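Asks: Take this structure first; my questions come after.
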Amino acid sequence: MKLSGVMLLMIFYCELFVYRITAQASGRPSVVNIGALLSFNTNVGKVAKLAIKAAVDDVNSDPTTLGGTKLKLQMQDCNHSGFLALAEALHLMEGQTVAIIGPQDAVTAHVVSHVANELQVPLLSFSATDPTLSSLQFPYFVRTTQSDQYQMAAIAEIVDHYGWREVIAIYVDDDHGRNGIAALGDTLAAKRCRISFKAPLSVEATEDEITDLLVKVALTESRIIVVHTHYNRGPVVFHVAQYLGMLGTGYVWIATSWLSTALDTNSPFPSDVMDDIQGVLTLRTYTPDSVLKRKFISRWRNLTDAKTPNGYIGLNAYGFYAYDTVWLLARAINSFFKQGGNLSFSKDSRLSDIQGHLRLDSLRIFNGGNLLRDSILQANMTGTAGPARFNSHGDLINPAYEIINVIGTGYRRIGYWSNYSGLSVVRPETLYSKPPNRSSSNQRLYSVIWPGQTTQKPRGWVFPNNGRHLRIGVPNRVSFREFVSVKGSEMTSGFCIDVFTAAINLLPYAVPYKLIPFGDGHNNPSCTELVRLITAGVYDAAVGDIAIITNRTKMADFTQPYIESGLVVVAPVRKLNSNAWAFLSPFTPMMWGVTAVFFLAVGAVVWILEHRLNDEFRGPPKRQVVTILWFSFSTMFFAHKEKTVSALGRLVLIIWLFVVLIINSSYTASLTSILTVQKLSSPIKGIDSLRSSNYPIGYQVNSFARNYLVDELNIDESRLVPLNSPEEYAKALKDGPHKGGVAAVVDDRAYAELFLSTRCEFSIVGQVFTKNGWGFAFPRDSPLAVDISTAILKLSENGDLQRIHDKWLLRSACSSQGAKLDVDRLQLKSFSGLYLLCGLACLLALFIYLMQIVHQFSRHYPGDTESNGGSSRSARLQTFLSFVNEKEDEVKSRSKRRHVERTSYRSEDEMSSCNSNRKHIELSSNLSLDSDTRNCNGSS
């Protein structure tokens, strides 16, 4: 064992000798001076002091790192003073120091960075997180930890994740505090959030000063408080807040990384201090787990026990960064030498000209400072805090934080934030291998126990506890008072007021408010001016018939619209009712003529195809003509009785019947529309025809319609006529453009519908040509606007919004069911033409039939008048009615029998006459006898 130990020792000294020989041959010095500017009595300084010494020892014990060159460290205590830091920095630079680790805080970093720029000595700060320490102003300042720009981005995403919109910032009034809160304001603005109240503290603020400041904070609306201070003031802030009852239910406290640093360094925390921070959220710079990290943690207790008189000091995140900074600098120095750099210094001519006892001429410019700085920024290593690489802005890559919730005697991690994927419950290094996903559904945190020992997310704001009611402006309208009606200074009613009251009643908290009329009571006020007064601080909100338009949204936030609206054109209209010949309207005269010709043509074609085969299409010519006409027009009603037997005839008939079906259907649909749909006619067809005309246009006084017509539609202002009431609307529209009135009125749809509900002679023509709605106006980023919007949606879902609408705006004059039925029912006059034709046809048929009957009666009873001349007229009428009631076949049969009987009677009379003549002839001469005999034979 002894022999092996001696062998190892000899090998080590041999290697060391070789490295020294190599270093001397390559021109490397045996020692490189570096410095460190710390505040030894702070949480960060205590840990960093030990970590830096341990890192220097580790570097010097490893000859491979610097090739035999040693680091010579000189630490200076700045005691958190910018002046002392400047003096100590000058002292370090007098000794040809090539780099300085630190300064520890932003105040000293701002001061010393100017010296570093002048002397070209790189500063490597592991804890100065001020975002304004940029490489543009301070090119020799290198931040080896995360910038507060990312920490503030994490806080902004937490605020946005929980739906809060305003925060209060309590900060120490120095470079670190002011610049950090400025970064917070920028990141909050990107999330549509803001800092509503800034509460600066002096570096040495007393408890009384902190108490006065927190009392002001308690009187504000927001309950989201961000504390960005140093550890020496932070616990006092929480102690006073606990005393004032500001760590109870409803509050949210977010502390920056100073609190997590204190918890890690001073663990366990005193119990009274832990009681003051229950439920607080804080951030801690995330350092991924690794073998190097675990080894350094295992060494830490030995380091603290051996080198600290006050016992164990906890290791915080800045300890990892301080340790890694030394290794980063050592590797950069090694790279510097490999690139041919050498340790040379030159005088600063500007310092030589300064006279006095400061001995500034002893300071030297590091000639290789620029090369060493570039070597530092090009470093690529993995340390105890994770990968150490810089981006193009000089910041470490992959910034990430742990989000911690203080509970009981310790704390619980509720998630992570990374610049790559936002909020997550998964370790950031796991997400780096996946595509970035910052969608709202992917942003997650574990549950939080908030101040007051509650798990319910705080609302984040309350009404100011100063006894003042919300001043809500209400337009004092003189027309359309169904929307807003102001009676006196206290009585306010109307549709808009009822909607607002119902929404307020749905909120889970009380809202003290007072409605204040706005306007002179003689003219309708300008809602745009009312909204502007919110930005001026005159009103806290505006409630009424306020349309949500672009220029108003630039001044205030609006709630969810509670009524749809938009500009419309109202014009006089006249009804176009159907006339007696409306049944002819579906077809044009040409259509009627062509249809009739086709009916005759198809009938003739079918007759030709069926004539030789079908007995029903044969007979005398007169009968065939009638058959063609009957068959043709009976197909219109599918009532033809003649059967088709030929294949061609059936084909033609099927096609024609299909055509007839389409014609009938089209005729029926068109006629139905003509008779049942009310037609309105107006010379104004919409906004386009109104623009193209030169007619005057009416608008409501102080309505946004005027600006829209002039600015957006380029309508000449001389054509616009201001109107102040529905009565003026009606009069101007009735007078018309030729009698000093207007051709149409352009107004909001809600007003127009209320106006038309009792005036049926006017109507909306054309389409709605703007789309907007009415809402309640609140100051920008007001949380009350969001809650009122939610309440309006609830009113819409449960039907209360519709009931309020019906209560105030439902009218029954022109929109009643009775009026609708009058439109839907078919009028008798619409069919009078058809009835007239049918009646005339019936009368003509009856007349012809009566003539035929009378003619038959006179033929069958030719002698009734002579033989019964003395009978009464009733007997004659009874005989006629009996004749009409008889069947025509019986009449014809009786007529035939009478004709036969009359013929037989006439023959018998003639025979008797002939016998008498014969007796007379026998007594006459033979010639006469012969003549008479011939005459009788001829008569027979």
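By order of appearance in the structure tokens: chains A, B, ..., then residues from 1 within every chain, and ligands from 1 in the order shown.
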Within 6 Å of stretch 33-48 of chain A, counting only C-alpha atoms, which residues qualify if same-chain residues fewer than 4 places away don't, as a list in words?

Replies: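 Selected residues are Ile52, Lys72, Leu73, Gln74, Met75, Gln76, Asp77, Cys78, Asn79, His80, Thr97, Val98, Ala99, Ile100, Ile101, Gly102, Pro103, Gln104, Gly319 and Ala322 of chain A.
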
Asks: For the residues in the current selection, export C-alpha atoms as a compact mmCIF listing (two decimals), in the first residue's frame.

Replies:
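Final output, saved to selection-v3.txt:
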# COMPACT_ATOMS: atom_id res chain seq x y z
CA ILE A 52 -15.72 30.35 -5.22
CA LYS A 72 -4.67 33.48 -7.67
CA LEU A 73 -7.90 34.72 -6.09
CA GLN A 74 -8.32 37.95 -4.18
CA MET A 75 -11.71 38.55 -2.56
CA GLN A 76 -13.00 41.95 -1.50
CA ASP A 77 -16.02 42.74 0.70
CA CYS A 78 -18.16 45.48 -0.84
CA ASN A 79 -20.61 45.44 2.08
CA HIS A 80 -23.46 46.14 -0.34
CA THR A 97 -6.23 41.29 -12.50
CA VAL A 98 -7.49 39.72 -15.73
CA ALA A 99 -11.09 39.14 -14.60
CA ILE A 100 -13.37 39.82 -11.64
CA ILE A 101 -16.06 37.47 -10.37
CA GLY A 102 -18.95 39.70 -9.40
CA PRO A 103 -20.13 42.25 -8.53
CA GLN A 104 -22.75 40.51 -6.47
CA GLY A 319 -23.82 28.87 -4.93
CA ALA A 322 -20.67 30.95 -8.35

Asks: Quick one: DSSP strand (DSSP E or B) residues in stretch 61-310 of chain A, as a PyMOL selection string?

Replies: chain A and resi 70-77+99-101+123-125+141-143+166-172+194-201+222+224-228+252-255+281-285

Asks: Do you know which residues are at most 10 Å from A:Gly741 counting only C-alpha atoms, after dropping those on the same chain fewer than 3 positions away, and could you put them as JSON, numbers by chain?

Replies: {"A": [695, 696, 697, 698, 721, 728, 729, 730, 731, 732, 733, 734, 735, 736, 737, 738, 744]}

Asks: Using DSSP on the backbone coordinates, identify all residues within stretch 509-699 of chain A classified as alpha helix (DSSP H); present the result as a PyMOL selection string.

Replies: chain A and resi 527-535+550-553+589-610+621-634+647-676+687-692

Asks: In Å to one decimal, how far is atom CA of A:Ser725 from atom CA of A:Val478?

Replies: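 Atom-to-atom, atom CA of A:Val478 to atom CA of A:Ser725, that is 7.5 Å.
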
Asks: Might you pull out every residue within 10 Å of A:Met381, with only C-alpha atoms counted and same-chain residues fewer than 2 positions away left off, and present them as a list in words?

Replies: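 The residues satisfying every condition are Asp324, Trp327, Leu328, Arg331, Gln378, Ala379, Gly383, Gly386, Pro387, Ala388 and Arg389 of chain A.
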
Asks: Output N, CA and C atoms for every residue in that selection, as a PDB file, in the first residue's frame.

Replies:
ATOM      1  N   ASP A 324     -19.692  27.393 -10.731  1.00  0.00           N
ATOM      2  CA  ASP A 324     -19.518  27.190 -12.170  1.00  0.00           C
ATOM      3  C   ASP A 324     -18.821  28.370 -12.833  1.00  0.00           C
ATOM      4  N   TRP A 327     -15.081  27.873 -12.875  1.00  0.00           N
ATOM      5  CA  TRP A 327     -14.689  26.902 -13.895  1.00  0.00           C
ATOM      6  C   TRP A 327     -14.847  27.482 -15.303  1.00  0.00           C
ATOM      7  N   LEU A 328     -15.884  28.255 -15.502  1.00  0.00           N
ATOM      8  CA  LEU A 328     -16.086  28.899 -16.793  1.00  0.00           C
ATOM      9  C   LEU A 328     -14.934  29.852 -17.106  1.00  0.00           C
ATOM     10  N   ARG A 331     -11.645  27.854 -17.916  1.00  0.00           N
ATOM     11  CA  ARG A 331     -11.602  27.291 -19.259  1.00  0.00           C
ATOM     12  C   ARG A 331     -11.473  28.385 -20.315  1.00  0.00           C
ATOM     13  N   GLN A 378     -17.904  32.301 -25.643  1.00  0.00           N
ATOM     14  CA  GLN A 378     -17.915  31.125 -26.514  1.00  0.00           C
ATOM     15  C   GLN A 378     -17.813  29.826 -25.728  1.00  0.00           C
ATOM     16  N   ALA A 379     -17.849  29.937 -24.419  1.00  0.00           N
ATOM     17  CA  ALA A 379     -17.713  28.738 -23.581  1.00  0.00           C
ATOM     18  C   ALA A 379     -18.870  27.778 -23.822  1.00  0.00           C
ATOM     19  N   GLY A 383     -21.929  22.493 -15.950  1.00  0.00           N
ATOM     20  CA  GLY A 383     -21.492  22.615 -14.573  1.00  0.00           C
ATOM     21  C   GLY A 383     -22.521  22.074 -13.606  1.00  0.00           C
ATOM     22  N   GLY A 386     -26.011  23.144 -14.527  1.00  0.00           N
ATOM     23  CA  GLY A 386     -26.498  22.740 -15.834  1.00  0.00           C
ATOM     24  C   GLY A 386     -25.636  23.278 -16.949  1.00  0.00           C
ATOM     25  N   PRO A 387     -26.132  23.256 -18.187  1.00  0.00           N
ATOM     26  CA  PRO A 387     -25.347  23.740 -19.328  1.00  0.00           C
ATOM     27  C   PRO A 387     -25.024  25.220 -19.180  1.00  0.00           C
ATOM     28  N   ALA A 388     -23.775  25.579 -19.503  1.00  0.00           N
ATOM     29  CA  ALA A 388     -23.339  26.967 -19.446  1.00  0.00           C
ATOM     30  C   ALA A 388     -22.929  27.392 -20.842  1.00  0.00           C
ATOM     31  N   ARG A 389     -23.914  27.901 -21.591  1.00  0.00           N
ATOM     32  CA  ARG A 389     -23.684  28.428 -22.932  1.00  0.00           C
ATOM     33  C   ARG A 389     -24.465  29.728 -23.060  1.00  0.00           C
TER      34      ARG A 389
END

Asks: Quick one: of A:Val159, A:Val499, A:Val568, A:Ala596, who's nearest to A:Ala750, counting only C-alpha atoms?

Replies: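 Among the listed residues, A:Val568 lies closest to A:Ala750.
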
Asks: Find the residue from A:Glu482, A:Glu204, A:Asp272, A:Asp148 that sits nearest to A:Arg178; use only C-alpha atoms when measuring.

Replies: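 Under the stated criterion, the closest residue is A:Asp148.
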
Asks: So, with only C-alpha atoms as the atoms that count, which of A:Thr770, A:Ser632, A:Asn724, A:Gln624 lies closest to A:Val602?

Replies: A:Ser632

Asks: Please, what distance in Å, to one decimal, runs between atom CA of A:Val746 and atom CA of A:Asp688?

Replies: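 If I compute the distance from atom CA of A:Val746 to atom CA of A:Asp688, I get 12.3 Å.
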